[in-house]
Amino acid sequence: MTGSFGGILGVGGVGFFIAPGEYAPPDPTEDIRIPPELVAPRAGRYILRVTEPLEEVTYFDQLHLVAYDHPDDWEIYPDERFTGTPPFPTGKPFAVAEKIFPQAAQNHRGENVLDQIREIDRRYVEPPKDVRFVGYADDHWIELDFGEQLQNLDADASLVLYLYGWVEYTYSHVNYAAHQAGITMRSPWIEVPDGKGGWRVAMPEAGFPAGLPRMMTLDISSLPIRQEGRMRIRTNMEVFWDQIFVGENVLSSELRVNTLQPTVAKLRSLGYPREFSPDGADPTIYDYQRLDQGVPFKNMTGDFTRFGDVRELLEKVDDQFVIMARGEEIALEFDASKLPELPAGWTRTIVLHTDGYCKDMDLYTAFPDTVKPLPYHGMKNYPPQEPAPNISVSQEYQRVWNTRRIVGN
Ligand SMILES: [Ca+2]
Ligand SMILES: [Ca+2]
Ligand SMILES: [Ca+2]
């Protein structure tokens with residue numbers, strides 16, 4: 001079976017305009033659980049394609065699979081979400097055995113939305129969009145009531161909130177315009193009852209799903225919700241919630257973890273997978289089987305990584321990147337036979353671990369027309385204010401690998 005799931009390294013965006021003189025700090029790592037139906041090995045190999053269909057440059061520093069072997073009544077999801085500021089999520093696994101769904105859910109207009117958040121089915125709790133600014137919405141919330149279900153949970157067990165959804169990303173130039181209009185984006189936060197019939201902020205930064213549909217996770221052990229079981233998730237972002245539940249983290253030392261480095265990693269030209277909607281709903285899905293070649297995108301000027309075997313560049317985090325342009329892909333294969341046999345009653349969850357950055361060509365993004373300046377892990381933010389350490393190593397890497405000059409238009 002083939003299929004696509006989208007949007008890696010949204011968290012590693014560099015030069016993204018927040019306010020004049022202020023750019024969002026990138027989080028270079030992302031751990032993405034690959035939907036089990038998409039990752040069944042074929043002839044003993046996991047085969048993946050990492051594509052770049054957007055008008056941007058991607059800098060991949062590291063890329064491998066992590067195989068989590070566990071009892072088959074667990075589901076594993078990494079600690080992942082988009083947070084605007086550090087500390088960034090750890091990427092470590094959470095395990096859920098019993099999903100606890102809200103008994104009631106309503107939106108900011110008081111409408112019952114329980115049905116929309118029960119299943120992952122592209123039926124969402126939808127935001128009241130602000131039509132002037134892509135990615136922005138009016139202040140809104142979803143109110144969840146778990147009833148008494150959380151009261152009898154082990155008081156020491158950590159509690160995790162699972163939110164499956166997606167966001168309409170905004171752009172640097174939209175942030176600029178919104179800033180001019182006096183509007184500030186506020187990413188989701190969590191409120192709990194204040195004991196006086198109102199609500200108070202209990203977690204000012206909850207994060208959001210990093211782009212196209214995926215599960216974000218959030219440790220809410222510290223939230224005072226076990227007694228009353230009520231909380232609100234509130235924001236003015238254009239975010240769509242598809243499924244929401246909580247679960248105790250049942251992870252134990254039983255978990256077995258193995259890492260698989262790619263046996264094949266080839267950088268090459270691809271084209272642009274066509275977008276479609278199977279049901280008329282957003283977001284569209286990329287169809288890898290139907291490619292367009294001519295897309296009226298601009299080019300970023302700079303030295304990109306030469307085509308061919310790039311395994312060496314993806315092995316470790318060393319600021320030596322696969323620098324990839326739009327319309328290109330990395331074709332990856334992993335040898336599944338290197339993994340141990342699964343005990344009876346166990347299953348395997350595959351997570352793609354990536355480390356790197358990306359940069360778009362928006363007019364208000366920092367250095368939107370050039371591959372340089374190259375990001376590096378020690379930088380405080382982008383654009384880096386100091387030159388990268390080990391400049392001679394970096395120059396040698398660039399001389400050897402980045403021999404494919406593209407000139408912008
Ligand atoms: Ca991360
Ligand atoms: Ca590297
Ligand atoms: Ca749904």
# chains A, B, ... in the order shown; residues from 1 in each chain; ligands from 1
call {"tool": "residues_around", "arguments": {"residues": "Phe16 (chain A)", "least_positions_apart": "5", "cutoff": "12 Å", "atoms": "only C-alpha atoms", "output": "tab-separated table (two decimals) with C-alpha atoms, in the first residue's frame"}}
result
chain	number	residue	atom	x	y	z
A	10	GLY	CA	7.33	22.76	9.89
A	11	VAL	CA	8.72	23.10	13.41
A	21	GLY	CA	12.85	42.35	14.26
A	22	GLU	CA	11.42	39.13	15.69
A	23	TYR	CA	11.62	35.72	14.05
A	24	ALA	CA	10.21	32.45	15.40
A	25	PRO	CA	12.96	30.28	16.94
A	26	PRO	CA	13.19	26.96	15.06
A	84	GLY	CA	6.45	28.82	19.56
A	169	TYR	CA	-0.28	27.88	8.50
A	170	THR	CA	0.03	31.59	8.16
A	171	TYR	CA	2.82	33.36	6.27
A	172	SER	CA	5.44	35.92	7.18
A	173	HIS	CA	3.70	38.64	5.11
A	174	VAL	CA	0.33	37.84	6.74
A	175	ASN	CA	1.90	38.15	10.18
A	176	TYR	CA	3.29	41.49	9.04
A	357	TYR	CA	15.47	23.23	8.96
A	358	CYS	CA	13.41	24.73	6.17
A	359	LYS	CA	12.96	28.22	4.81
A	360	ASP	CA	10.25	29.65	2.60
A	361	MET	CA	10.39	32.42	0.00
A	362	ASP	CA	7.93	34.83	1.57
A	363	LEU	CA	8.91	38.47	1.12
A	364	TYR	CA	8.96	38.99	4.90
A	365	THR	CA	10.91	35.83	5.71
A	366	ALA	CA	14.58	36.45	6.54
A	367	PHE	CA	16.81	35.92	3.44
A	368	PRO	CA	13.93	34.51	1.38
A	381	ASN	CA	17.94	32.20	16.03
A	382	TYR	CA	17.84	32.77	12.27
A	383	PRO	CA	19.39	34.65	10.60
call {"tool": "residues_near_ligand", "arguments": {"ligand": "ligand 1", "cutoff": "9 Å", "atoms": "only C-alpha atoms and all ligand atoms", "output": "VMD selection string"}}
result
chain A and resid 9 11 to 12 26 to 31 79 to 83 88 to 91 354 to 355
call {"tool": "write_last_selection", "arguments": {"atoms": "N, CA and C atoms", "output": "JSON list (two decimals), in the first residue's frame"}}
result
[["chain", "number", "residue", "atom", "x", "y", "z"],
["A", 9, "LEU", "N", 9.14, 19.00, 9.35],
["A", 9, "LEU", "CA", 10.02, 20.14, 9.60],
["A", 9, "LEU", "C", 9.33, 21.48, 9.58],
["A", 11, "VAL", "N", 8.19, 22.58, 12.15],
["A", 11, "VAL", "CA", 8.72, 23.10, 13.41],
["A", 11, "VAL", "C", 10.11, 23.69, 13.24],
["A", 12, "GLY", "N", 10.81, 23.27, 12.16],
["A", 12, "GLY", "CA", 12.18, 23.75, 11.94],
["A", 12, "GLY", "C", 12.25, 24.92, 10.97],
["A", 26, "PRO", "N", 13.50, 28.29, 15.59],
["A", 26, "PRO", "CA", 13.19, 26.96, 15.06],
["A", 26, "PRO", "C", 13.46, 25.85, 16.07],
["A", 27, "ASP", "N", 12.71, 24.77, 15.93],
["A", 27, "ASP", "CA", 12.93, 23.54, 16.69],
["A", 27, "ASP", "C", 13.35, 22.50, 15.66],
["A", 28, "PRO", "N", 14.63, 22.15, 15.58],
["A", 28, "PRO", "CA", 15.08, 21.34, 14.43],
["A", 28, "PRO", "C", 14.57, 19.90, 14.40],
["A", 29, "THR", "N", 14.15, 19.35, 15.54],
["A", 29, "THR", "CA", 13.80, 17.92, 15.52],
["A", 29, "THR", "C", 12.30, 17.70, 15.38],
["A", 30, "GLU", "N", 11.95, 16.65, 14.67],
["A", 30, "GLU", "CA", 10.55, 16.23, 14.64],
["A", 30, "GLU", "C", 10.48, 14.71, 14.54],
["A", 31, "ASP", "N", 9.63, 14.13, 15.35],
["A", 31, "ASP", "CA", 9.40, 12.68, 15.35],
["A", 31, "ASP", "C", 7.99, 12.42, 14.89],
["A", 79, "ASP", "N", 6.16, 12.50, 21.89],
["A", 79, "ASP", "CA", 5.90, 13.80, 22.52],
["A", 79, "ASP", "C", 6.19, 14.87, 21.48],
["A", 80, "GLU", "N", 5.17, 15.33, 20.78],
["A", 80, "GLU", "CA", 5.36, 16.24, 19.65],
["A", 80, "GLU", "C", 4.24, 17.26, 19.54],
["A", 81, "ARG", "N", 4.60, 18.47, 19.23],
["A", 81, "ARG", "CA", 3.65, 19.52, 18.87],
["A", 81, "ARG", "C", 4.48, 20.71, 18.46],
["A", 82, "PHE", "N", 3.85, 21.71, 17.89],
["A", 82, "PHE", "CA", 4.54, 22.94, 17.53],
["A", 82, "PHE", "C", 4.41, 23.89, 18.71],
["A", 83, "THR", "N", 5.55, 24.24, 19.29],
["A", 83, "THR", "CA", 5.53, 25.25, 20.34],
["A", 83, "THR", "C", 6.31, 26.45, 19.83],
["A", 88, "PHE", "N", 11.26, 22.88, 23.83],
["A", 88, "PHE", "CA", 10.59, 22.16, 22.77],
["A", 88, "PHE", "C", 10.26, 20.73, 23.23],
["A", 89, "PRO", "N", 9.26, 20.10, 22.59],
["A", 89, "PRO", "CA", 8.90, 18.73, 22.96],
["A", 89, "PRO", "C", 10.08, 17.77, 22.80],
["A", 90, "THR", "N", 10.06, 16.71, 23.59],
["A", 90, "THR", "CA", 11.22, 15.80, 23.65],
["A", 90, "THR", "C", 11.27, 14.78, 22.52],
["A", 91, "GLY", "N", 10.13, 14.50, 21.88],
["A", 91, "GLY", "CA", 10.10, 13.43, 20.88],
["A", 91, "GLY", "C", 10.04, 12.03, 21.50],
["A", 354, "THR", "N", 13.50, 13.14, 12.30],
["A", 354, "THR", "CA", 14.18, 14.07, 11.39],
["A", 354, "THR", "C", 14.80, 15.20, 12.20],
["A", 355, "ASP", "N", 15.89, 15.72, 11.66],
["A", 355, "ASP", "CA", 16.55, 16.87, 12.27],
["A", 355, "ASP", "C", 16.96, 17.79, 11.14]]
call {"tool": "residues_near_ligand", "arguments": {"ligand": "ligand 3", "cutoff": "6 Å", "atoms": "only C-alpha atoms and all ligand atoms", "output": "PyMOL selection string"}}
result
chain A and resi 116-124+242-243
call {"tool": "closest_residue", "arguments": {"among": "A:Leu63, A:Val192, A:Ala95, A:Met203", "to": "ligand 2", "atoms": "only C-alpha atoms and all ligand atoms"}}
result
A:Leu63
call {"tool": "closest_atom_pairs", "arguments": {"of": "chain A", "to": "ligand 2", "cutoff": "12 Å", "atoms": "only C-alpha atoms and all ligand atoms", "output": "Markdown table"}}
result
| residue | atom | partner | partner_atom_place_in_ligand_line | distance |
| --- | --- | --- | --- | --- |
| A:Tyr59 | CA | ligand 2 | 1 (Ca) | 9.4 |
| A:Phe60 | CA | ligand 2 | 1 (Ca) | 7.1 |
| A:Asp61 | CA | ligand 2 | 1 (Ca) | 3.8 |
| A:Gln62 | CA | ligand 2 | 1 (Ca) | 5.2 |
| A:Leu63 | CA | ligand 2 | 1 (Ca) | 8.6 |
| A:His64 | CA | ligand 2 | 1 (Ca) | 11.4 |
| A:Val310 | CA | ligand 2 | 1 (Ca) | 9.5 |
| A:Arg311 | CA | ligand 2 | 1 (Ca) | 9.0 |
| A:Glu312 | CA | ligand 2 | 1 (Ca) | 7.2 |
| A:Leu313 | CA | ligand 2 | 1 (Ca) | 4.2 |
| A:Leu314 | CA | ligand 2 | 1 (Ca) | 4.7 |
| A:Glu315 | CA | ligand 2 | 1 (Ca) | 5.7 |
| A:Lys316 | CA | ligand 2 | 1 (Ca) | 4.6 |
| A:Val317 | CA | ligand 2 | 1 (Ca) | 4.7 |
| A:Asp318 | CA | ligand 2 | 1 (Ca) | 4.8 |
| A:Asp319 | CA | ligand 2 | 1 (Ca) | 5.5 |
| A:Gln320 | CA | ligand 2 | 1 (Ca) | 4.2 |
| A:Phe321 | CA | ligand 2 | 1 (Ca) | 5.1 |
| A:Val322 | CA | ligand 2 | 1 (Ca) | 7.5 |
| A:Ile323 | CA | ligand 2 | 1 (Ca) | 10.5 |
| A:Thr354 | CA | ligand 2 | 1 (Ca) | 10.6 |
| A:Asp355 | CA | ligand 2 | 1 (Ca) | 8.6 |
| A:Gly356 | CA | ligand 2 | 1 (Ca) | 8.7 |
| A:Tyr357 | CA | ligand 2 | 1 (Ca) | 11.7 |
| A:Tyr376 | CA | ligand 2 | 1 (Ca) | 10.6 |
| A:His377 | CA | ligand 2 | 1 (Ca) | 10.9 |
| A:Ser394 | CA | ligand 2 | 1 (Ca) | 11.2 |
| A:Tyr397 | CA | ligand 2 | 1 (Ca) | 10.2 |
| A:Trp401 | CA | ligand 2 | 1 (Ca) | 11.6 |
call {"tool": "residues_around", "arguments": {"residues": "region 260-263 of chain A", "least_positions_apart": "3", "cutoff": "7 Å", "atoms": "only C-alpha atoms", "output": "ChimeraX atom specification"}}
result
/A:64-66,311,332-335
call {"tool": "residues_around", "arguments": {"residues": "region 98-100 of chain A", "least_positions_apart": "2", "cutoff": "8 Å", "atoms": "only C-alpha atoms", "output": "JSON, numbers by chain"}}
result
{"A": [96, 102, 146, 149, 245, 246, 247, 248]}
call {"tool": "closest_residue", "arguments": {"among": "A:Val125, A:Met300, A:Met216, A:Val201", "to": "Val113 (chain A)", "atoms": "only C-alpha atoms"}}
result
A:Val125
